[in-house]
Amino acid sequence: MYGTVARMRMRPGAEALFRAQFDALVHEQLKGWMSTAFFQSDTDPLDVWMVVVFDSPESYRANAERPNMDAVYRRFRSCLEADPEWHDGHVMAGYGLGQPRA
């Protein structure tokens with residue numbers, strides 16, 4: 001499994017649009033996509049972290065290289081105060097990500 005953790009800061013008042021941007025992506029067929037989770041800070045609700053997991057680095061990169069991804073990113077970016085801080089890497093363990101429990 002492979003994916004990214006992104007730290008980002010929303011523009012004030014952009015939460016509904018932010019959610020709508022990602023709700024629209026859920027309906028797309030993303031090959032190899034396993035999960036996405038968003039975390040909103042208790043101390044500052046404008047601070048948000050996103051965790052996205054794909055089944056492989058190849059699926060992750062293929063998604064990033066889709067022809068419409070730049071437009072998707074620009075819509076999503078319009079909800080943020082600055083560019084996200086991305087941290088890509090291999091998932092060391094993925095509990096609850098479609099993996100059978102022992």
# chains A, B, ... in the order shown; residues from 1 in each chain; ligands from 1
call {"tool": "residues_around", "arguments": {"residues": "range 33-44 of chain A", "least_positions_apart": "4", "cutoff": "7 Å", "atoms": "only C-alpha atoms", "output": "list in words"}}
result
Val48, Trp49, Met50, Val51, Val52, Val53, Phe54, Asp55 and Leu97 of chain A
call {"tool": "write_last_selection", "arguments": {"atoms": "N, CA and C atoms", "output": "PDB file, in the first residue's frame"}}
result
ATOM      1  N   VAL A  48      -6.204  20.990   8.849  1.00  0.00           N
ATOM      2  CA  VAL A  48      -6.766  19.719   8.395  1.00  0.00           C
ATOM      3  C   VAL A  48      -5.637  18.836   7.870  1.00  0.00           C
ATOM      4  N   TRP A  49      -5.746  17.539   8.135  1.00  0.00           N
ATOM      5  CA  TRP A  49      -4.831  16.548   7.586  1.00  0.00           C
ATOM      6  C   TRP A  49      -5.643  15.556   6.762  1.00  0.00           C
ATOM      7  N   MET A  50      -5.090  15.172   5.635  1.00  0.00           N
ATOM      8  CA  MET A  50      -5.740  14.201   4.759  1.00  0.00           C
ATOM      9  C   MET A  50      -4.803  13.008   4.614  1.00  0.00           C
ATOM     10  N   VAL A  51      -5.365  11.804   4.698  1.00  0.00           N
ATOM     11  CA  VAL A  51      -4.605  10.572   4.499  1.00  0.00           C
ATOM     12  C   VAL A  51      -5.280   9.806   3.364  1.00  0.00           C
ATOM     13  N   VAL A  52      -4.534   9.525   2.305  1.00  0.00           N
ATOM     14  CA  VAL A  52      -5.057   8.805   1.142  1.00  0.00           C
ATOM     15  C   VAL A  52      -4.209   7.558   0.931  1.00  0.00           C
ATOM     16  N   VAL A  53      -4.874   6.419   0.714  1.00  0.00           N
ATOM     17  CA  VAL A  53      -4.162   5.149   0.533  1.00  0.00           C
ATOM     18  C   VAL A  53      -4.597   4.495  -0.777  1.00  0.00           C
ATOM     19  N   PHE A  54      -3.612   4.076  -1.549  1.00  0.00           N
ATOM     20  CA  PHE A  54      -3.805   3.289  -2.765  1.00  0.00           C
ATOM     21  C   PHE A  54      -3.144   1.932  -2.567  1.00  0.00           C
ATOM     22  N   ASP A  55      -3.479   0.980  -3.429  1.00  0.00           N
ATOM     23  CA  ASP A  55      -2.934  -0.367  -3.274  1.00  0.00           C
ATOM     24  C   ASP A  55      -1.468  -0.491  -3.686  1.00  0.00           C
ATOM     25  N   LEU A  97      -8.298  -1.261   6.416  1.00  0.00           N
ATOM     26  CA  LEU A  97      -8.248  -0.797   5.026  1.00  0.00           C
ATOM     27  C   LEU A  97      -8.586  -1.946   4.075  1.00  0.00           C
TER      28      LEU A  97
END
call {"tool": "select_by_dssp", "arguments": {"residues": "range 41-79 of chain A", "states": "strand (DSSP E)", "output": "list in words"}}
result
Asp47, Val48, Trp49, Met50, Val51, Val52, Val53 and Phe54 of chain A
call {"tool": "select_by_dssp", "arguments": {"residues": "chain A", "states": "helix (DSSP H, G or I)", "output": "PyMOL selection string"}}
result
chain A and resi 15-26+57-64+69-77
call {"tool": "write_last_selection", "arguments": {"atoms": "N, CA and C atoms", "output": "PDB file, in the first residue's frame"}}
result
ATOM      1  N   GLU A  15     -15.208  25.461   4.368  1.00  0.00           N
ATOM      2  CA  GLU A  15     -15.376  24.052   4.739  1.00  0.00           C
ATOM      3  C   GLU A  15     -16.404  23.332   3.870  1.00  0.00           C
ATOM      4  N   ALA A  16     -17.553  23.937   3.620  1.00  0.00           N
ATOM      5  CA  ALA A  16     -18.595  23.277   2.816  1.00  0.00           C
ATOM      6  C   ALA A  16     -18.098  23.014   1.391  1.00  0.00           C
ATOM      7  N   LEU A  17     -17.432  23.984   0.788  1.00  0.00           N
ATOM      8  CA  LEU A  17     -16.896  23.797  -0.565  1.00  0.00           C
ATOM      9  C   LEU A  17     -15.790  22.739  -0.555  1.00  0.00           C
ATOM     10  N   PHE A  18     -14.943  22.757   0.462  1.00  0.00           N
ATOM     11  CA  PHE A  18     -13.879  21.770   0.618  1.00  0.00           C
ATOM     12  C   PHE A  18     -14.468  20.357   0.635  1.00  0.00           C
ATOM     13  N   ARG A  19     -15.501  20.167   1.455  1.00  0.00           N
ATOM     14  CA  ARG A  19     -16.145  18.848   1.533  1.00  0.00           C
ATOM     15  C   ARG A  19     -16.783  18.466   0.194  1.00  0.00           C
ATOM     16  N   ALA A  20     -17.415  19.414  -0.459  1.00  0.00           N
ATOM     17  CA  ALA A  20     -18.065  19.138  -1.744  1.00  0.00           C
ATOM     18  C   ALA A  20     -17.049  18.705  -2.797  1.00  0.00           C
ATOM     19  N   GLN A  21     -15.867  19.314  -2.800  1.00  0.00           N
ATOM     20  CA  GLN A  21     -14.827  18.943  -3.767  1.00  0.00           C
ATOM     21  C   GLN A  21     -14.455  17.471  -3.620  1.00  0.00           C
ATOM     22  N   PHE A  22     -14.318  17.021  -2.388  1.00  0.00           N
ATOM     23  CA  PHE A  22     -13.914  15.633  -2.169  1.00  0.00           C
ATOM     24  C   PHE A  22     -15.085  14.669  -2.270  1.00  0.00           C
ATOM     25  N   ASP A  23     -16.281  15.106  -1.934  1.00  0.00           N
ATOM     26  CA  ASP A  23     -17.453  14.256  -2.126  1.00  0.00           C
ATOM     27  C   ASP A  23     -17.606  13.896  -3.598  1.00  0.00           C
ATOM     28  N   ALA A  24     -17.304  14.840  -4.484  1.00  0.00           N
ATOM     29  CA  ALA A  24     -17.401  14.596  -5.926  1.00  0.00           C
ATOM     30  C   ALA A  24     -16.402  13.526  -6.373  1.00  0.00           C
ATOM     31  N   LEU A  25     -15.222  13.488  -5.752  1.00  0.00           N
ATOM     32  CA  LEU A  25     -14.212  12.495  -6.123  1.00  0.00           C
ATOM     33  C   LEU A  25     -14.605  11.081  -5.733  1.00  0.00           C
ATOM     34  N   VAL A  26     -15.394  10.935  -4.685  1.00  0.00           N
ATOM     35  CA  VAL A  26     -15.793   9.607  -4.215  1.00  0.00           C
ATOM     36  C   VAL A  26     -16.530   8.842  -5.303  1.00  0.00           C
ATOM     37  N   PRO A  57       2.269   2.012  -5.310  1.00  0.00           N
ATOM     38  CA  PRO A  57       2.798   3.284  -5.803  1.00  0.00           C
ATOM     39  C   PRO A  57       2.359   3.563  -7.246  1.00  0.00           C
ATOM     40  N   GLU A  58       2.229   2.489  -8.044  1.00  0.00           N
ATOM     41  CA  GLU A  58       1.826   2.668  -9.439  1.00  0.00           C
ATOM     42  C   GLU A  58       0.402   3.225  -9.541  1.00  0.00           C
ATOM     43  N   SER A  59      -0.516   2.696  -8.737  1.00  0.00           N
ATOM     44  CA  SER A  59      -1.893   3.205  -8.748  1.00  0.00           C
ATOM     45  C   SER A  59      -1.940   4.647  -8.256  1.00  0.00           C
ATOM     46  N   TYR A  60      -1.154   4.950  -7.223  1.00  0.00           N
ATOM     47  CA  TYR A  60      -1.093   6.305  -6.688  1.00  0.00           C
ATOM     48  C   TYR A  60      -0.628   7.283  -7.771  1.00  0.00           C
ATOM     49  N   ARG A  61       0.454   6.932  -8.451  1.00  0.00           N
ATOM     50  CA  ARG A  61       1.004   7.820  -9.481  1.00  0.00           C
ATOM     51  C   ARG A  61       0.080   7.921 -10.685  1.00  0.00           C
ATOM     52  N   ALA A  62      -0.572   6.817 -11.065  1.00  0.00           N
ATOM     53  CA  ALA A  62      -1.517   6.859 -12.188  1.00  0.00           C
ATOM     54  C   ALA A  62      -2.670   7.805 -11.876  1.00  0.00           C
ATOM     55  N   ASN A  63      -3.142   7.798 -10.639  1.00  0.00           N
ATOM     56  CA  ASN A  63      -4.198   8.731 -10.242  1.00  0.00           C
ATOM     57  C   ASN A  63      -3.696  10.168 -10.341  1.00  0.00           C
ATOM     58  N   ALA A  64      -2.493  10.421  -9.843  1.00  0.00           N
ATOM     59  CA  ALA A  64      -1.937  11.773  -9.857  1.00  0.00           C
ATOM     60  C   ALA A  64      -1.731  12.289 -11.275  1.00  0.00           C
ATOM     61  N   MET A  69      -6.712  15.727 -13.285  1.00  0.00           N
ATOM     62  CA  MET A  69      -6.273  15.928 -11.907  1.00  0.00           C
ATOM     63  C   MET A  69      -5.828  17.360 -11.633  1.00  0.00           C
ATOM     64  N   ASP A  70      -5.272  18.045 -12.602  1.00  0.00           N
ATOM     65  CA  ASP A  70      -4.884  19.440 -12.379  1.00  0.00           C
ATOM     66  C   ASP A  70      -6.111  20.292 -12.076  1.00  0.00           C
ATOM     67  N   ALA A  71      -7.190  20.084 -12.814  1.00  0.00           N
ATOM     68  CA  ALA A  71      -8.428  20.832 -12.561  1.00  0.00           C
ATOM     69  C   ALA A  71      -9.011  20.478 -11.198  1.00  0.00           C
ATOM     70  N   VAL A  72      -8.963  19.198 -10.841  1.00  0.00           N
ATOM     71  CA  VAL A  72      -9.437  18.754  -9.524  1.00  0.00           C
ATOM     72  C   VAL A  72      -8.621  19.441  -8.441  1.00  0.00           C
ATOM     73  N   TYR A  73      -7.300  19.455  -8.605  1.00  0.00           N
ATOM     74  CA  TYR A  73      -6.428  20.080  -7.606  1.00  0.00           C
ATOM     75  C   TYR A  73      -6.709  21.577  -7.482  1.00  0.00           C
ATOM     76  N   ARG A  74      -6.896  22.255  -8.594  1.00  0.00           N
ATOM     77  CA  ARG A  74      -7.146  23.708  -8.545  1.00  0.00           C
ATOM     78  C   ARG A  74      -8.448  24.039  -7.809  1.00  0.00           C
ATOM     79  N   ARG A  75      -9.477  23.216  -8.011  1.00  0.00           N
ATOM     80  CA  ARG A  75     -10.739  23.438  -7.275  1.00  0.00           C
ATOM     81  C   ARG A  75     -10.521  23.223  -5.781  1.00  0.00           C
ATOM     82  N   PHE A  76      -9.840  22.158  -5.443  1.00  0.00           N
ATOM     83  CA  PHE A  76      -9.536  21.839  -4.059  1.00  0.00           C
ATOM     84  C   PHE A  76      -8.634  22.917  -3.447  1.00  0.00           C
ATOM     85  N   ARG A  77      -7.630  23.349  -4.184  1.00  0.00           N
ATOM     86  CA  ARG A  77      -6.666  24.348  -3.703  1.00  0.00           C
ATOM     87  C   ARG A  77      -7.343  25.687  -3.416  1.00  0.00           C
TER      88      ARG A  77
END
call {"tool": "residues_around", "arguments": {"residues": "Met10 in chain A", "least_positions_apart": "5", "cutoff": "8 Å", "atoms": "only C-alpha atoms", "output": "number ranges by chain"}}
result
A: 15, 46-48, 79-81
call {"tool": "write_last_selection", "arguments": {"atoms": "C-alpha atoms", "output": "compact mmCIF listing (two decimals), in the first residue's frame"}}
result
# COMPACT_ATOMS: atom_id res chain seq x y z
CA GLU A 15 -15.38 24.05 4.74
CA LEU A 46 -8.92 25.36 9.91
CA ASP A 47 -5.98 22.93 10.28
CA VAL A 48 -6.77 19.72 8.40
CA CYS A 79 -10.40 26.22 -0.47
CA LEU A 80 -6.95 26.50 1.11
CA GLU A 81 -4.83 29.38 2.36
call {"tool": "atom_distance", "arguments": {"atom1": "CA of Met8 in chain A", "atom2": "CA of Asp83 in chain A"}}
result
7.2 Å
